[in-house]
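Student: Take a look at query.pdb, PDB, N, CA and C atoms, pLDDT in the B column:
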```
ATOM      1  N   MET A   1     101.417 106.168  98.994  1.00 36.00           N
ATOM      2  CA  MET A   1     101.210 106.070  97.580  1.00 36.00           C
ATOM      3  C   MET A   1     100.526 104.743  97.256  1.00 36.00           C
ATOM      4  N   LYS A   2      99.467 104.795  96.471  1.00 42.00           N
ATOM      5  CA  LYS A   2      98.775 103.584  96.071  1.00 42.00           C
ATOM      6  C   LYS A   2      99.574 102.886  94.988  1.00 42.00           C
ATOM      7  N   LYS A   3      99.568 101.570  95.004  1.00 47.00           N
ATOM      8  CA  LYS A   3     100.270 100.812  93.980  1.00 47.00           C
ATOM      9  C   LYS A   3      99.312 100.461  92.861  1.00 47.00           C
ATOM     10  N   GLY A   4      99.848 100.344  91.647  1.00 52.00           N
ATOM     11  CA  GLY A   4      99.066  99.861  90.532  1.00 52.00           C
ATOM     12  C   GLY A   4      98.139 100.863  89.889  1.00 52.00           C
ATOM     13  N   CYS A   5      98.389 102.150  90.071  1.00 59.00           N
ATOM     14  CA  CYS A   5      97.492 103.131  89.474  1.00 59.00           C
ATOM     15  C   CYS A   5      97.901 103.513  88.062  1.00 59.00           C
ATOM     16  N   GLY A   6      99.032 103.024  87.591  1.00 58.00           N
ATOM     17  CA  GLY A   6      99.432 103.276  86.214  1.00 58.00           C
ATOM     18  C   GLY A   6     100.274 104.515  86.005  1.00 58.00           C
ATOM     19  N   CYS A   7     100.681 105.154  87.084  1.00 58.00           N
ATOM     20  CA  CYS A   7     101.449 106.386  86.953  1.00 58.00           C
ATOM     21  C   CYS A   7     102.948 106.159  87.138  1.00 58.00           C
ATOM     22  N   GLY A   8     103.360 104.924  87.287  1.00 61.00           N
ATOM     23  CA  GLY A   8     104.772 104.636  87.470  1.00 61.00           C
ATOM     24  C   GLY A   8     105.300 105.006  88.842  1.00 61.00           C
ATOM     25  N   GLY A   9     104.417 105.211  89.813  1.00 61.00           N
ATOM     26  CA  GLY A   9     104.835 105.537  91.173  1.00 61.00           C
ATOM     27  C   GLY A   9     105.175 106.998  91.390  1.00 61.00           C
ATOM     28  N   ASN A  10     104.837 107.863  90.421  1.00 62.00           N
ATOM     29  CA  ASN A  10     105.187 109.280  90.516  1.00 62.00           C
ATOM     30  C   ASN A  10     104.058 110.156  91.048  1.00 62.00           C
ATOM     31  N   CYS A  11     102.952 109.550  91.399  1.00 63.00           N
ATOM     32  CA  CYS A  11     101.835 110.368  91.883  1.00 63.00           C
ATOM     33  C   CYS A  11     100.968 109.553  92.830  1.00 63.00           C
ATOM     34  N   LYS A  12      99.997 110.187  93.397  1.00 76.00           N
ATOM     35  CA  LYS A  12      98.938 109.516  94.123  1.00 76.00           C
ATOM     36  C   LYS A  12      97.724 109.547  93.208  1.00 76.00           C
ATOM     37  N   CYS A  13      96.994 108.465  93.177  1.00 92.00           N
ATOM     38  CA  CYS A  13      95.801 108.430  92.348  1.00 92.00           C
ATOM     39  C   CYS A  13      94.746 109.356  92.943  1.00 92.00           C
ATOM     40  N   SER A  14      93.909 109.900  92.063  1.00 95.00           N
ATOM     41  CA  SER A  14      92.870 110.831  92.478  1.00 95.00           C
ATOM     42  C   SER A  14      91.509 110.147  92.439  1.00 95.00           C
ATOM     43  N   THR A  15      90.661 110.442  93.402  1.00 93.00           N
ATOM     44  CA  THR A  15      89.285 109.963  93.359  1.00 93.00           C
ATOM     45  C   THR A  15      88.333 111.063  92.914  1.00 93.00           C
ATOM     46  N   GLU A  16      88.778 112.312  92.991  1.00 96.00           N
ATOM     47  CA  GLU A  16      87.922 113.454  92.647  1.00 96.00           C
ATOM     48  C   GLU A  16      88.324 114.142  91.344  1.00 96.00           C
ATOM     49  N   GLY A  17      89.520 113.855  90.834  1.00 96.00           N
ATOM     50  CA  GLY A  17      89.957 114.435  89.565  1.00 96.00           C
ATOM     51  C   GLY A  17      89.932 115.957  89.569  1.00 96.00           C
ATOM     52  N   TYR A  18      89.337 116.515  88.507  1.00 97.00           N
ATOM     53  CA  TYR A  18      89.327 117.969  88.330  1.00 97.00           C
ATOM     54  C   TYR A  18      88.020 118.633  88.780  1.00 97.00           C
ATOM     55  N   LYS A  19      87.250 117.972  89.643  1.00 97.00           N
ATOM     56  CA  LYS A  19      86.044 118.622  90.171  1.00 97.00           C
ATOM     57  C   LYS A  19      86.440 119.896  90.911  1.00 97.00           C
ATOM     58  N   ARG A  20      85.574 120.881  90.866  1.00 96.00           N
ATOM     59  CA  ARG A  20      85.930 122.215  91.388  1.00 96.00           C
ATOM     60  C   ARG A  20      86.374 122.211  92.846  1.00 96.00           C
ATOM     61  N   ASN A  21      85.874 121.306  93.671  1.00 96.00           N
ATOM     62  CA  ASN A  21      86.254 121.269  95.089  1.00 96.00           C
ATOM     63  C   ASN A  21      87.274 120.176  95.408  1.00 96.00           C
ATOM     64  N   SER A  22      87.846 119.559  94.376  1.00 96.00           N
ATOM     65  CA  SER A  22      88.804 118.483  94.572  1.00 96.00           C
ATOM     66  C   SER A  22      90.151 119.013  95.047  1.00 96.00           C
ATOM     67  N   PRO A  23      90.826 118.271  95.933  1.00 96.00           N
ATOM     68  CA  PRO A  23      92.180 118.676  96.322  1.00 96.00           C
ATOM     69  C   PRO A  23      93.161 118.521  95.150  1.00 96.00           C
ATOM     70  N   ASP A  24      92.737 117.854  94.074  1.00 96.00           N
ATOM     71  CA  ASP A  24      93.599 117.602  92.916  1.00 96.00           C
ATOM     72  C   ASP A  24      93.298 118.496  91.720  1.00 96.00           C
ATOM     73  N   VAL A  25      92.414 119.488  91.893  1.00 96.00           N
ATOM     74  CA  VAL A  25      91.963 120.312  90.766  1.00 96.00           C
ATOM     75  C   VAL A  25      93.104 121.070  90.075  1.00 96.00           C
ATOM     76  N   ASN A  26      94.169 121.381  90.784  1.00 96.00           N
ATOM     77  CA  ASN A  26      95.270 122.147  90.193  1.00 96.00           C
ATOM     78  C   ASN A  26      96.445 121.293  89.729  1.00 96.00           C
ATOM     79  N   LYS A  27      96.317 119.985  89.826  1.00 95.00           N
ATOM     80  CA  LYS A  27      97.398 119.103  89.368  1.00 95.00           C
ATOM     81  C   LYS A  27      97.485 119.101  87.845  1.00 95.00           C
ATOM     82  N   LYS A  28      98.698 118.903  87.339  1.00 95.00           N
ATOM     83  CA  LYS A  28      98.912 118.802  85.894  1.00 95.00           C
ATOM     84  C   LYS A  28      98.285 117.542  85.329  1.00 95.00           C
ATOM     85  N   VAL A  29      98.374 116.453  86.098  1.00 95.00           N
ATOM     86  CA  VAL A  29      97.865 115.147  85.675  1.00 95.00           C
ATOM     87  C   VAL A  29      97.139 114.497  86.845  1.00 95.00           C
ATOM     88  N   ASN A  30      95.996 113.881  86.560  1.00 97.00           N
ATOM     89  CA  ASN A  30      95.287 113.076  87.550  1.00 97.00           C
ATOM     90  C   ASN A  30      95.126 111.666  87.000  1.00 97.00           C
ATOM     91  N   ILE A  31      95.397 110.675  87.821  1.00 96.00           N
ATOM     92  CA  ILE A  31      95.218 109.277  87.455  1.00 96.00           C
ATOM     93  C   ILE A  31      93.976 108.765  88.188  1.00 96.00           C
ATOM     94  N   ILE A  32      93.010 108.277  87.425  1.00 97.00           N
ATOM     95  CA  ILE A  32      91.755 107.781  87.983  1.00 97.00           C
ATOM     96  C   ILE A  32      91.716 106.268  87.818  1.00 97.00           C
ATOM     97  N   GLN A  33      91.482 105.543  88.897  1.00 96.00           N
ATOM     98  CA  GLN A  33      91.459 104.080  88.870  1.00 96.00           C
ATOM     99  C   GLN A  33      90.077 103.561  88.504  1.00 96.00           C
ATOM    100  N   SER A  34      89.572 103.985  87.367  1.00 97.00           N
ATOM    101  CA  SER A  34      88.266 103.546  86.884  1.00 97.00           C
ATOM    102  C   SER A  34      88.130 103.945  85.424  1.00 97.00           C
ATOM    103  N   GLY A  35      87.327 103.204  84.682  1.00 98.00           N
ATOM    104  CA  GLY A  35      86.999 103.585  83.312  1.00 98.00           C
ATOM    105  C   GLY A  35      85.745 104.433  83.245  1.00 98.00           C
ATOM    106  N   ASN A  36      85.062 104.605  84.383  1.00 98.00           N
ATOM    107  CA  ASN A  36      83.857 105.430  84.453  1.00 98.00           C
ATOM    108  C   ASN A  36      84.224 106.806  84.994  1.00 98.00           C
ATOM    109  N   ILE A  37      84.035 107.826  84.160  1.00 98.00           N
ATOM    110  CA  ILE A  37      84.430 109.185  84.523  1.00 98.00           C
ATOM    111  C   ILE A  37      83.211 110.090  84.477  1.00 98.00           C
ATOM    112  N   THR A  38      82.987 110.835  85.558  1.00 98.00           N
ATOM    113  CA  THR A  38      81.948 111.861  85.536  1.00 98.00           C
ATOM    114  C   THR A  38      82.612 113.229  85.451  1.00 98.00           C
ATOM    115  N   MET A  39      82.034 114.069  84.637  1.00 98.00           N
ATOM    116  CA  MET A  39      82.514 115.442  84.512  1.00 98.00           C
ATOM    117  C   MET A  39      81.569 116.404  85.228  1.00 98.00           C
ATOM    118  N   LYS A  40      80.645 115.856  86.021  1.00 98.00           N
ATOM    119  CA  LYS A  40      79.754 116.700  86.812  1.00 98.00           C
ATOM    120  C   LYS A  40      80.586 117.384  87.889  1.00 98.00           C
ATOM    121  N   GLY A  41      80.489 118.704  87.970  1.00 97.00           N
ATOM    122  CA  GLY A  41      81.276 119.461  88.943  1.00 97.00           C
ATOM    123  C   GLY A  41      82.629 119.903  88.414  1.00 97.00           C
ATOM    124  N   VAL A  42      82.910 119.606  87.147  1.00 98.00           N
ATOM    125  CA  VAL A  42      84.160 120.034  86.507  1.00 98.00           C
ATOM    126  C   VAL A  42      83.838 121.251  85.638  1.00 98.00           C
ATOM    127  N   ASP A  43      84.699 122.263  85.678  1.00 97.00           N
ATOM    128  CA  ASP A  43      84.401 123.538  85.024  1.00 97.00           C
ATOM    129  C   ASP A  43      85.105 123.759  83.683  1.00 97.00           C
ATOM    130  N   PHE A  44      85.819 122.758  83.178  1.00 97.00           N
ATOM    131  CA  PHE A  44      86.573 122.933  81.930  1.00 97.00           C
ATOM    132  C   PHE A  44      86.745 121.572  81.254  1.00 97.00           C
ATOM    133  N   PRO A  45      87.028 121.556  79.949  1.00 98.00           N
ATOM    134  CA  PRO A  45      87.241 120.286  79.249  1.00 98.00           C
ATOM    135  C   PRO A  45      88.497 119.579  79.748  1.00 98.00           C
ATOM    136  N   VAL A  46      88.442 118.254  79.743  1.00 98.00           N
ATOM    137  CA  VAL A  46      89.540 117.415  80.207  1.00 98.00           C
ATOM    138  C   VAL A  46      89.820 116.344  79.153  1.00 98.00           C
ATOM    139  N   LYS A  47      91.090 116.107  78.885  1.00 98.00           N
ATOM    140  CA  LYS A  47      91.487 115.019  77.988  1.00 98.00           C
ATOM    141  C   LYS A  47      91.718 113.780  78.837  1.00 98.00           C
ATOM    142  N   GLY A  48      91.082 112.673  78.445  1.00 98.00           N
ATOM    143  CA  GLY A  48      91.265 111.409  79.145  1.00 98.00           C
ATOM    144  C   GLY A  48      91.869 110.364  78.224  1.00 98.00           C
ATOM    145  N   VAL A  49      92.859 109.636  78.708  1.00 98.00           N
ATOM    146  CA  VAL A  49      93.478 108.535  77.958  1.00 98.00           C
ATOM    147  C   VAL A  49      93.516 107.324  78.881  1.00 98.00           C
ATOM    148  N   ASP A  50      92.871 106.231  78.454  1.00 98.00           N
ATOM    149  CA  ASP A  50      92.870 105.056  79.319  1.00 98.00           C
ATOM    150  C   ASP A  50      94.098 104.183  79.080  1.00 98.00           C
ATOM    151  N   ASN A  51      94.240 103.133  79.883  1.00 97.00           N
ATOM    152  CA  ASN A  51      95.414 102.268  79.821  1.00 97.00           C
ATOM    153  C   ASN A  51      95.436 101.388  78.565  1.00 97.00           C
ATOM    154  N   LEU A  52      94.400 101.481  77.736  1.00 98.00           N
ATOM    155  CA  LEU A  52      94.374 100.770  76.461  1.00 98.00           C
ATOM    156  C   LEU A  52      94.650 101.714  75.289  1.00 98.00           C
ATOM    157  N   GLY A  53      94.849 103.011  75.597  1.00 98.00           N
ATOM    158  CA  GLY A  53      95.165 103.989  74.565  1.00 98.00           C
ATOM    159  C   GLY A  53      93.974 104.745  74.006  1.00 98.00           C
ATOM    160  N   ASN A  54      92.776 104.491  74.523  1.00 98.00           N
ATOM    161  CA  ASN A  54      91.584 105.211  74.064  1.00 98.00           C
ATOM    162  C   ASN A  54      91.598 106.636  74.604  1.00 98.00           C
ATOM    163  N   THR A  55      91.346 107.603  73.724  1.00 98.00           N
ATOM    164  CA  THR A  55      91.401 109.024  74.085  1.00 98.00           C
ATOM    165  C   THR A  55      90.052 109.683  73.854  1.00 98.00           C
ATOM    166  N   LYS A  56      89.634 110.516  74.816  1.00 98.00           N
ATOM    167  CA  LYS A  56      88.403 111.292  74.675  1.00 98.00           C
ATOM    168  C   LYS A  56      88.639 112.690  75.229  1.00 98.00           C
ATOM    169  N   ILE A  57      88.051 113.679  74.564  1.00 98.00           N
ATOM    170  CA  ILE A  57      87.985 115.028  75.124  1.00 98.00           C
ATOM    171  C   ILE A  57      86.639 115.098  75.833  1.00 98.00           C
ATOM    172  N   MET A  58      86.685 115.227  77.144  1.00 98.00           N
ATOM    173  CA  MET A  58      85.471 115.174  77.958  1.00 98.00           C
ATOM    174  C   MET A  58      84.996 116.576  78.308  1.00 98.00           C
ATOM    175  N   LYS A  59      83.694 116.788  78.156  1.00 98.00           N
ATOM    176  CA  LYS A  59      83.098 118.099  78.405  1.00 98.00           C
ATOM    177  C   LYS A  59      82.426 118.138  79.778  1.00 98.00           C
ATOM    178  N   PRO A  60      82.440 119.321  80.409  1.00 98.00           N
ATOM    179  CA  PRO A  60      81.809 119.463  81.724  1.00 98.00           C
ATOM    180  C   PRO A  60      80.349 119.010  81.722  1.00 98.00           C
ATOM    181  N   GLY A  61      79.937 118.377  82.831  1.00 97.00           N
ATOM    182  CA  GLY A  61      78.549 118.003  83.022  1.00 97.00           C
ATOM    183  C   GLY A  61      78.153 116.647  82.468  1.00 97.00           C
ATOM    184  N   LYS A  62      79.040 115.979  81.745  1.00 98.00           N
ATOM    185  CA  LYS A  62      78.692 114.699  81.117  1.00 98.00           C
ATOM    186  C   LYS A  62      79.401 113.532  81.799  1.00 98.00           C
ATOM    187  N   ASP A  63      78.944 112.311  81.497  1.00 98.00           N
ATOM    188  CA  ASP A  63      79.566 111.095  81.997  1.00 98.00           C
ATOM    189  C   ASP A  63      80.204 110.346  80.831  1.00 98.00           C
ATOM    190  N   TYR A  64      81.319 109.679  81.096  1.00 98.00           N
ATOM    191  CA  TYR A  64      82.071 108.974  80.056  1.00 98.00           C
ATOM    192  C   TYR A  64      82.456 107.582  80.528  1.00 98.00           C
ATOM    193  N   LYS A  65      82.485 106.641  79.584  1.00 98.00           N
ATOM    194  CA  LYS A  65      82.884 105.254  79.863  1.00 98.00           C
ATOM    195  C   LYS A  65      84.049 104.904  78.947  1.00 98.00           C
ATOM    196  N   PHE A  66      85.170 104.531  79.553  1.00 98.00           N
ATOM    197  CA  PHE A  66      86.349 104.084  78.823  1.00 98.00           C
ATOM    198  C   PHE A  66      86.423 102.560  78.900  1.00 98.00           C
ATOM    199  N   PRO A  67      86.903 101.892  77.846  1.00 98.00           N
ATOM    200  CA  PRO A  67      87.075 100.437  77.898  1.00 98.00           C
ATOM    201  C   PRO A  67      88.135 100.002  78.916  1.00 98.00           C
ATOM    202  N   GLY A  68      89.134 100.841  79.151  1.00 98.00           N
ATOM    203  CA  GLY A  68      90.212 100.513  80.082  1.00 98.00           C
ATOM    204  C   GLY A  68      89.796 100.673  81.532  1.00 98.00           C
ATOM    205  N   THR A  69      90.733 100.385  82.432  1.00 97.00           N
ATOM    206  CA  THR A  69      90.439 100.419  83.868  1.00 97.00           C
ATOM    207  C   THR A  69      91.140 101.560  84.602  1.00 97.00           C
ATOM    208  N   ILE A  70      92.013 102.281  83.905  1.00 97.00           N
ATOM    209  CA  ILE A  70      92.730 103.413  84.489  1.00 97.00           C
ATOM    210  C   ILE A  70      92.699 104.547  83.466  1.00 97.00           C
ATOM    211  N   VAL A  71      92.400 105.761  83.905  1.00 98.00           N
ATOM    212  CA  VAL A  71      92.345 106.908  83.000  1.00 98.00           C
ATOM    213  C   VAL A  71      93.276 107.996  83.491  1.00 98.00           C
ATOM    214  N   LYS A  72      94.130 108.457  82.595  1.00 97.00           N
ATOM    215  CA  LYS A  72      95.013 109.594  82.871  1.00 97.00           C
ATOM    216  C   LYS A  72      94.304 110.842  82.358  1.00 97.00           C
ATOM    217  N   GLU A  73      94.084 111.799  83.255  1.00 98.00           N
ATOM    218  CA  GLU A  73      93.398 113.042  82.894  1.00 98.00           C
ATOM    219  C   GLU A  73      94.381 114.207  82.865  1.00 98.00           C
ATOM    220  N   THR A  74      94.218 115.059  81.870  1.00 97.00           N
ATOM    221  CA  THR A  74      94.947 116.322  81.790  1.00 97.00           C
ATOM    222  C   THR A  74      93.982 117.411  81.363  1.00 97.00           C
ATOM    223  N   LYS A  75      94.258 118.633  81.759  1.00 97.00           N
ATOM    224  CA  LYS A  75      93.416 119.748  81.331  1.00 97.00           C
ATOM    225  C   LYS A  75      93.566 119.902  79.834  1.00 97.00           C
ATOM    226  N   HIS A  76      92.421 120.027  79.140  1.00 95.00           N
ATOM    227  CA  HIS A  76      92.449 120.136  77.670  1.00 95.00           C
ATOM    228  C   HIS A  76      92.652 121.589  77.269  1.00 95.00           C
ATOM    229  N   LYS A  77      93.667 121.793  76.464  1.00 83.00           N
ATOM    230  CA  LYS A  77      93.933 123.134  75.947  1.00 83.00           C
ATOM    231  C   LYS A  77      93.196 123.298  74.636  1.00 83.00           C
ATOM    232  N   LYS A  78      92.408 124.347  74.553  1.00 69.00           N
ATOM    233  CA  LYS A  78      91.609 124.601  73.349  1.00 69.00           C
ATOM    234  C   LYS A  78      92.458 125.041  72.182  1.00 69.00           C
TER     235      LYS A  78
END
```
Using the file provided, produce a representation of the structure as structure tokens.
Tutor:
Amino acid sequence: MKKGCGCGGNCKCSTEGYKRNSPDVNKKVNIIQSGNITMKGVDFPVKGVDNLGNTKIMKPGKDYKFPGTIVKETKHKK
């Protein structure tokens, strides 16, 4: 388990997030250790919340920049 990913030690941080071929695509929550998020290769909208509280609904195929350094991703329910 990586330390300092912002998940309270309850998960492993993801480097691939919800990309279609990611080993983490079916997880309820993905923690990304970066404020730069790409949605290229992701097939559905994702809600991102950074460690500063900034929230974005991210759409497939686009790139996003968060002010924070850690982003918690969840599948966005329409």
Student: Write out as a list in words which residues come within 6.5 Å of stretch 26-32 of chain A when counting only N, CA and C atoms, dropping same-chain ones fewer than 6 positions away.
Tutor: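 Final neighbour list, sorted by chain and number: Cys5, Lys12, Cys13, Ser14, Thr15, Gly17, Tyr18, Thr69, Ile70, Val71, Lys72, Glu73, Thr74 and Lys75 of chain A.
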Student: Mind telling me what the PyMOL selection byres ((chain A and resi 37-48) around 5) catches here, as a PDB file with N, CA and C atoms, in the frame of the given file?
Tutor:
```
ATOM      1  N   TYR A  18      89.337 116.515  88.507  1.00 97.00           N
ATOM      2  CA  TYR A  18      89.327 117.969  88.330  1.00 97.00           C
ATOM      3  C   TYR A  18      88.020 118.633  88.780  1.00 97.00           C
ATOM      4  N   LYS A  19      87.250 117.972  89.643  1.00 97.00           N
ATOM      5  CA  LYS A  19      86.044 118.622  90.171  1.00 97.00           C
ATOM      6  C   LYS A  19      86.440 119.896  90.911  1.00 97.00           C
ATOM      7  N   ARG A  20      85.574 120.881  90.866  1.00 96.00           N
ATOM      8  CA  ARG A  20      85.930 122.215  91.388  1.00 96.00           C
ATOM      9  C   ARG A  20      86.374 122.211  92.846  1.00 96.00           C
ATOM     10  N   GLY A  35      87.327 103.204  84.682  1.00 98.00           N
ATOM     11  CA  GLY A  35      86.999 103.585  83.312  1.00 98.00           C
ATOM     12  C   GLY A  35      85.745 104.433  83.245  1.00 98.00           C
ATOM     13  N   ASN A  36      85.062 104.605  84.383  1.00 98.00           N
ATOM     14  CA  ASN A  36      83.857 105.430  84.453  1.00 98.00           C
ATOM     15  C   ASN A  36      84.224 106.806  84.994  1.00 98.00           C
ATOM     16  N   VAL A  49      92.859 109.636  78.708  1.00 98.00           N
ATOM     17  CA  VAL A  49      93.478 108.535  77.958  1.00 98.00           C
ATOM     18  C   VAL A  49      93.516 107.324  78.881  1.00 98.00           C
ATOM     19  N   ASP A  50      92.871 106.231  78.454  1.00 98.00           N
ATOM     20  CA  ASP A  50      92.870 105.056  79.319  1.00 98.00           C
ATOM     21  C   ASP A  50      94.098 104.183  79.080  1.00 98.00           C
ATOM     22  N   THR A  55      91.346 107.603  73.724  1.00 98.00           N
ATOM     23  CA  THR A  55      91.401 109.024  74.085  1.00 98.00           C
ATOM     24  C   THR A  55      90.052 109.683  73.854  1.00 98.00           C
ATOM     25  N   LYS A  56      89.634 110.516  74.816  1.00 98.00           N
ATOM     26  CA  LYS A  56      88.403 111.292  74.675  1.00 98.00           C
ATOM     27  C   LYS A  56      88.639 112.690  75.229  1.00 98.00           C
ATOM     28  N   ILE A  57      88.051 113.679  74.564  1.00 98.00           N
ATOM     29  CA  ILE A  57      87.985 115.028  75.124  1.00 98.00           C
ATOM     30  C   ILE A  57      86.639 115.098  75.833  1.00 98.00           C
ATOM     31  N   MET A  58      86.685 115.227  77.144  1.00 98.00           N
ATOM     32  CA  MET A  58      85.471 115.174  77.958  1.00 98.00           C
ATOM     33  C   MET A  58      84.996 116.576  78.308  1.00 98.00           C
ATOM     34  N   LYS A  59      83.694 116.788  78.156  1.00 98.00           N
ATOM     35  CA  LYS A  59      83.098 118.099  78.405  1.00 98.00           C
ATOM     36  C   LYS A  59      82.426 118.138  79.778  1.00 98.00           C
ATOM     37  N   PRO A  60      82.440 119.321  80.409  1.00 98.00           N
ATOM     38  CA  PRO A  60      81.809 119.463  81.724  1.00 98.00           C
ATOM     39  C   PRO A  60      80.349 119.010  81.722  1.00 98.00           C
ATOM     40  N   GLY A  61      79.937 118.377  82.831  1.00 97.00           N
ATOM     41  CA  GLY A  61      78.549 118.003  83.022  1.00 97.00           C
ATOM     42  C   GLY A  61      78.153 116.647  82.468  1.00 97.00           C
ATOM     43  N   LYS A  62      79.040 115.979  81.745  1.00 98.00           N
ATOM     44  CA  LYS A  62      78.692 114.699  81.117  1.00 98.00           C
ATOM     45  C   LYS A  62      79.401 113.532  81.799  1.00 98.00           C
ATOM     46  N   ASP A  63      78.944 112.311  81.497  1.00 98.00           N
ATOM     47  CA  ASP A  63      79.566 111.095  81.997  1.00 98.00           C
ATOM     48  C   ASP A  63      80.204 110.346  80.831  1.00 98.00           C
ATOM     49  N   TYR A  64      81.319 109.679  81.096  1.00 98.00           N
ATOM     50  CA  TYR A  64      82.071 108.974  80.056  1.00 98.00           C
ATOM     51  C   TYR A  64      82.456 107.582  80.528  1.00 98.00           C
ATOM     52  N   LYS A  65      82.485 106.641  79.584  1.00 98.00           N
ATOM     53  CA  LYS A  65      82.884 105.254  79.863  1.00 98.00           C
ATOM     54  C   LYS A  65      84.049 104.904  78.947  1.00 98.00           C
ATOM     55  N   LYS A  72      94.130 108.457  82.595  1.00 97.00           N
ATOM     56  CA  LYS A  72      95.013 109.594  82.871  1.00 97.00           C
ATOM     57  C   LYS A  72      94.304 110.842  82.358  1.00 97.00           C
ATOM     58  N   GLU A  73      94.084 111.799  83.255  1.00 98.00           N
ATOM     59  CA  GLU A  73      93.398 113.042  82.894  1.00 98.00           C
ATOM     60  C   GLU A  73      94.381 114.207  82.865  1.00 98.00           C
ATOM     61  N   THR A  74      94.218 115.059  81.870  1.00 97.00           N
ATOM     62  CA  THR A  74      94.947 116.322  81.790  1.00 97.00           C
ATOM     63  C   THR A  74      93.982 117.411  81.363  1.00 97.00           C
ATOM     64  N   LYS A  75      94.258 118.633  81.759  1.00 97.00           N
ATOM     65  CA  LYS A  75      93.416 119.748  81.331  1.00 97.00           C
ATOM     66  C   LYS A  75      93.566 119.902  79.834  1.00 97.00           C
ATOM     67  N   HIS A  76      92.421 120.027  79.140  1.00 95.00           N
ATOM     68  CA  HIS A  76      92.449 120.136  77.670  1.00 95.00           C
ATOM     69  C   HIS A  76      92.652 121.589  77.269  1.00 95.00           C
TER      70      HIS A  76
END
```
Student: Work out how far apart atom N of A:Asn51 and atom C of A:Pro67 are and give it in Å to one decimal.
Tutor: 6.9 Å
Student: Tell me, in Å to one decimal, how far atom N of A:Ser34 is from atom C of A:Asn21.
Tutor: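 We find that atom N of A:Ser34 and atom C of A:Asn21 lie 18.2 Å from each other.
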Student: I'd like the interatomic distance between atom CA of A:Gly68 and atom N of A:Leu52, to a tenth of an Å.
Tutor: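 Separation between atom CA of A:Gly68 and atom N of A:Leu52: 4.9 Å.
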Student: Run DSSP on the backbone and grab whatever in stretch 11-65 of chain A lands in strand (DSSP E); send it over as a PyMOL selection string.
Tutor: chain A and resi 29-32+36-38+46-50+55-58+63-65
Student: Kindly provide, as AutoDock Vina command-line options, the centre and edge lengths (Å, one decimal) of an axis-aligned box around all atoms of stretch 17-21 of chain A given in the file, with 5 Å on each side.
Tutor:
```
--center_x 87.8 --center_y 118.0 --center_z 91.9 --size_x 14.4 --size_y 18.4 --size_z 17.1
```
